[in-house]
Amino acid sequence: MAASHIWVSPLRPHSNVGVSDLGLRRCVDMRCNWDLERLPRWECCCLSVLAQRAITPVEDEKPLIPQVETSEAIDQVQNTQSRGFHKDLNLLPKPLSATDIFSSPRNSAKVRVAYQGMPGAYGEAAALKAYPKCETVPCEEFEAAFKAVELWLVDKAVLPIESSVGGSIHRNYDLLLRHRLHIVGEVQMIVNHCLLGLPGVQKEELKRVLSHPQALDQCDMILTKLGVVRVSTDDTAGAALMVAASGERDSGVIASDRAAEIYGLNILLEKIQDDDDNITRFLILAREPIIPGTDRPHKTSIVFTLEEGPGMLFKALAVFASRDINLTKIESRPQRKRPLRVVDDSNKGSARYFDYLFYIDFEASMAEPRAQHAMAHLQEFASFLRVLGCYATDSAL
Ligand SMILES: O=C(O)C(=O)C[C@]1(C(=O)O)C=C[C@@H](O)C=C1
């Protein structure tokens, strides 16, 4: 391990995944942001090698070189060391320009973007809306997408955070806190669900319908009308794959028209969601935060905890109200590691409450003094405060 920068990814257990020098250097530059004690051992090994290699020149702008064998990688390292520094100036890293720093996600090309689900899932459509030329990378679970970004297997993750019908996707709120990624953008998407079946099947023949639980909830009326059994799956496109692979003629699917195309299913009904405006908001997550601007409307997402006491949440919300900062979202989640709290002596220590984390999105950029002052004010009495990200608001549907 000490001689090479290769580690075996837990996400791709059978492949050795190499990271380019640029990737390594960025990793080292960012090491202060990494809580080394919380990293699994292979990442620590990798980081220590990175630290030694931080001065080697950059060879490749792309962070990932798939399938590099360890021996080859050692040879590469030795060759580079014996040659000394590169003479070819084109191989030096390109300094970031103001355009790079402030560029919108929609201008970026060739980024690798992780999403949860199979090809044809709405997460993939959201990733392509954010980065039209990106290479999309399917992940089985939300957490795998977080890890893929952390381990440099991909550049970004696009994950759902709330739906206009189903509300918050709590799992992703919890993962935002457990991982150290930054929110760098959001994508709002109208989700138009279709009822799919095998070619030649009529909707009256269906006995069960498979889909993601959110999609099943969003199409409650039509499912009730059809009188079918609802079967939950990990994602909508995965359900399409299952039915296509099983050949079960009495099984239908709720998924996108793109999933129908990919898995060779027929569209039996379109726009079957109860609410026409069925919107899901996705977050774009990255290893590094973006530098907030004031050139267009921005949102900031934070998470904090408060001490127990009357009016504490009122006081917290007042830091925004008094500065005329609009809140767009507030969510509370129990602190999983400290769910119970014994209250003070006046209650004789017998009563127990849940401790909560408060997640808030507000309409202001951290580049604005009013947002900075609001955070400084909140920090005076919040027992914990973290800015999860500051990013341009997505108002395009
Ligand atoms: O299963 C998918 O296709 C997803 O992208 C997931 C998801 C979700 O988690 O809410 C996204 C949008 C739809 O609301 C249904 C499902």
# chains A, B, ... in the order shown; residues from 1 in each chain; ligands from 1

$ residues_near_ligand --ligand "ligand 1" --cutoff "8 Å" --atoms "only C-alpha atoms and all ligand atoms" --output "JSON, numbers by chain"
{"A": [115, 116, 117, 118, 120, 121, 122, 123, 124, 159, 160, 161, 162, 163, 166, 169, 191, 211, 212, 213, 214, 215, 218, 234, 235, 236, 237, 238, 255, 256, 278, 279, 280]}

$ select_by_dssp --residues "stretch 213-388 of chain A" --states "strand (DSSP E)" --output "count of residues only"
58

$ atom_distance --atom1 "atom CA of A:Val243" --atom2 "atom CA of A:Glu140"
17.9 Å

$ select_by_dssp --residues "stretch 209-362 of chain A" --states "alpha helix (DSSP H)" --output "ChimeraX atom specification"
/A:213-218,220-226,236-246,257-263,312-321

$ write_last_selection --atoms "N, CA and C atoms" --output "compact mmCIF listing (two decimals), in the first residue's frame"
# COMPACT_ATOMS: atom_id res chain seq x y z
N PRO A 213 -41.64 3.57 -3.30
CA PRO A 213 -42.77 3.93 -2.43
C PRO A 213 -43.30 5.36 -2.67
N GLN A 214 -42.39 6.31 -2.95
CA GLN A 214 -42.85 7.70 -3.21
C GLN A 214 -43.73 7.72 -4.45
N ALA A 215 -43.31 6.99 -5.49
CA ALA A 215 -44.07 6.99 -6.74
C ALA A 215 -45.43 6.32 -6.52
N LEU A 216 -45.46 5.24 -5.71
CA LEU A 216 -46.74 4.57 -5.42
C LEU A 216 -47.68 5.54 -4.70
N ASP A 217 -47.11 6.31 -3.74
CA ASP A 217 -47.93 7.29 -3.00
C ASP A 217 -48.44 8.39 -3.92
N GLN A 218 -47.58 8.81 -4.85
CA GLN A 218 -47.94 9.93 -5.72
C GLN A 218 -49.02 9.54 -6.73
N ASP A 220 -51.65 7.38 -5.98
CA ASP A 220 -52.60 6.64 -5.15
C ASP A 220 -53.96 6.44 -5.84
N MET A 221 -54.46 7.48 -6.49
CA MET A 221 -55.84 7.41 -7.04
C MET A 221 -55.96 6.36 -8.13
N ILE A 222 -55.01 6.35 -9.05
CA ILE A 222 -55.11 5.40 -10.17
C ILE A 222 -54.91 3.95 -9.67
N LEU A 223 -54.03 3.80 -8.68
CA LEU A 223 -53.79 2.45 -8.16
C LEU A 223 -55.04 1.92 -7.44
N THR A 224 -55.71 2.82 -6.73
CA THR A 224 -56.94 2.42 -6.04
C THR A 224 -57.99 2.04 -7.08
N LYS A 225 -58.07 2.85 -8.14
CA LYS A 225 -59.06 2.57 -9.20
C LYS A 225 -58.79 1.22 -9.87
N LEU A 226 -57.51 0.92 -10.09
CA LEU A 226 -57.16 -0.35 -10.75
C LEU A 226 -57.30 -1.55 -9.81
N THR A 236 -37.80 3.45 -9.27
CA THR A 236 -38.81 3.23 -10.30
C THR A 236 -38.24 2.42 -11.48
N ALA A 237 -37.04 2.78 -11.90
CA ALA A 237 -36.45 2.10 -13.06
C ALA A 237 -36.09 0.65 -12.71
N GLY A 238 -35.70 0.43 -11.46
CA GLY A 238 -35.40 -0.94 -11.02
C GLY A 238 -36.66 -1.80 -11.13
N ALA A 239 -37.81 -1.21 -10.85
CA ALA A 239 -39.08 -1.94 -10.97
C ALA A 239 -39.32 -2.31 -12.44
N ALA A 240 -39.00 -1.37 -13.34
CA ALA A 240 -39.19 -1.64 -14.77
C ALA A 240 -38.29 -2.80 -15.21
N LEU A 241 -37.06 -2.78 -14.71
CA LEU A 241 -36.12 -3.86 -15.05
C LEU A 241 -36.66 -5.21 -14.56
N MET A 242 -37.18 -5.21 -13.32
CA MET A 242 -37.69 -6.47 -12.73
C MET A 242 -38.81 -7.07 -13.58
N VAL A 243 -39.75 -6.21 -13.96
CA VAL A 243 -40.90 -6.73 -14.73
C VAL A 243 -40.44 -7.17 -16.12
N ALA A 244 -39.54 -6.39 -16.72
CA ALA A 244 -39.05 -6.76 -18.05
C ALA A 244 -38.31 -8.10 -17.97
N ALA A 245 -37.54 -8.29 -16.90
CA ALA A 245 -36.75 -9.51 -16.78
C ALA A 245 -37.61 -10.71 -16.41
N SER A 246 -38.64 -10.48 -15.60
CA SER A 246 -39.44 -11.62 -15.13
C SER A 246 -40.45 -12.06 -16.19
N ASP A 257 -41.18 7.61 -18.80
CA ASP A 257 -41.26 7.16 -20.20
C ASP A 257 -39.88 6.67 -20.67
N ARG A 258 -38.83 7.28 -20.10
CA ARG A 258 -37.47 6.86 -20.48
C ARG A 258 -37.20 5.42 -20.00
N ALA A 259 -37.73 5.08 -18.83
CA ALA A 259 -37.55 3.71 -18.32
C ALA A 259 -38.28 2.74 -19.25
N ALA A 260 -39.45 3.14 -19.77
CA ALA A 260 -40.19 2.27 -20.70
C ALA A 260 -39.32 1.98 -21.92
N GLU A 261 -38.69 3.03 -22.41
CA GLU A 261 -37.85 2.89 -23.60
C GLU A 261 -36.65 1.98 -23.32
N ILE A 262 -35.99 2.23 -22.19
CA ILE A 262 -34.77 1.46 -21.87
C ILE A 262 -35.08 -0.02 -21.69
N TYR A 263 -36.19 -0.33 -20.99
CA TYR A 263 -36.45 -1.73 -20.63
C TYR A 263 -37.47 -2.41 -21.55
N MET A 312 -36.64 28.94 22.47
CA MET A 312 -35.32 28.82 21.81
C MET A 312 -35.46 28.80 20.29
N LEU A 313 -36.44 28.04 19.79
CA LEU A 313 -36.60 27.97 18.34
C LEU A 313 -37.10 29.32 17.81
N PHE A 314 -37.97 29.96 18.59
CA PHE A 314 -38.46 31.29 18.22
C PHE A 314 -37.28 32.26 18.08
N LYS A 315 -36.36 32.18 19.05
CA LYS A 315 -35.17 33.05 19.03
C LYS A 315 -34.30 32.75 17.78
N ALA A 316 -34.19 31.46 17.49
CA ALA A 316 -33.37 31.07 16.33
C ALA A 316 -33.98 31.60 15.04
N LEU A 317 -35.30 31.48 14.93
CA LEU A 317 -35.95 31.93 13.70
C LEU A 317 -35.92 33.45 13.58
N ALA A 318 -35.86 34.13 14.75
CA ALA A 318 -35.85 35.60 14.75
C ALA A 318 -34.57 36.15 14.10
N VAL A 319 -33.48 35.39 14.10
CA VAL A 319 -32.25 35.91 13.48
C VAL A 319 -32.46 36.12 11.98
N PHE A 320 -33.38 35.35 11.42
CA PHE A 320 -33.68 35.52 9.98
C PHE A 320 -34.75 36.60 9.79
N ALA A 321 -35.81 36.50 10.59
CA ALA A 321 -36.94 37.44 10.44
C ALA A 321 -36.45 38.88 10.62

$ atom_distance --atom1 "atom CA of A:Gly167" --atom2 "atom CA of A:Glu141"
19.2 Å

$ closest_residue --among "A:Val253, A:Val229, A:Val184, A:Leu128" --to "A:Leu285" --atoms "only C-alpha atoms"
A:Val184

$ residues_around --residues "A:Leu196" --least-positions-apart "6" --cutoff "7 Å" --atoms "only C-alpha atoms" --output "JSON, numbers by chain"
{"A": [252, 253, 254, 260, 265, 266, 267, 268]}

$ residues_around --residues "A:Asp394" --least-positions-apart "2" --cutoff "8 Å" --atoms "only C-alpha atoms" --output "list in words"
Gly185, Glu186, Val187, Gln188, Ala392 and Ala396 of chain A

$ write_last_selection --atoms "C-alpha atoms" --output "PDB file, in the first residue's frame"
ATOM      1  CA  GLY A 185     -26.871  23.324  -6.324  1.00  0.00           C
ATOM      2  CA  GLU A 186     -30.457  22.151  -6.541  1.00  0.00           C
ATOM      3  CA  VAL A 187     -32.636  20.767  -9.312  1.00  0.00           C
ATOM      4  CA  GLN A 188     -36.425  20.974  -9.316  1.00  0.00           C
ATOM      5  CA  ALA A 392     -28.028  29.216  -6.829  1.00  0.00           C
ATOM      6  CA  ALA A 396     -36.660  26.481 -13.893  1.00  0.00           C
TER       7      ALA A 396
END

$ atom_distance --atom1 "atom CA of A:Thr294" --atom2 "atom CA of A:Ala157"
24.4 Å

$ closest_residue --among "A:Asn192, A:Thr233, A:Ser164, A:Ser322" --to "A:Ala371" --atoms "only C-alpha atoms"
A:Ser322

$ residues_around --residues "stretch 358-368 of chain A" --least-positions-apart "5" --cutoff "6 Å" --atoms "only C-alpha atoms" --output "list of chain:residue names"
A:Pro292, A:His298, A:Lys299, A:Thr300, A:Ser301, A:Ile302, A:Val303, A:Phe304, A:Asn326, A:Leu327, A:Thr328, A:Lys329, A:Ile330, A:Glu331, A:Ser332

$ closest_residue --among "A:Pro289, A:Gly311, A:Pro119, A:Pro138" --to "A:Leu181" --atoms "only C-alpha atoms"
A:Pro289
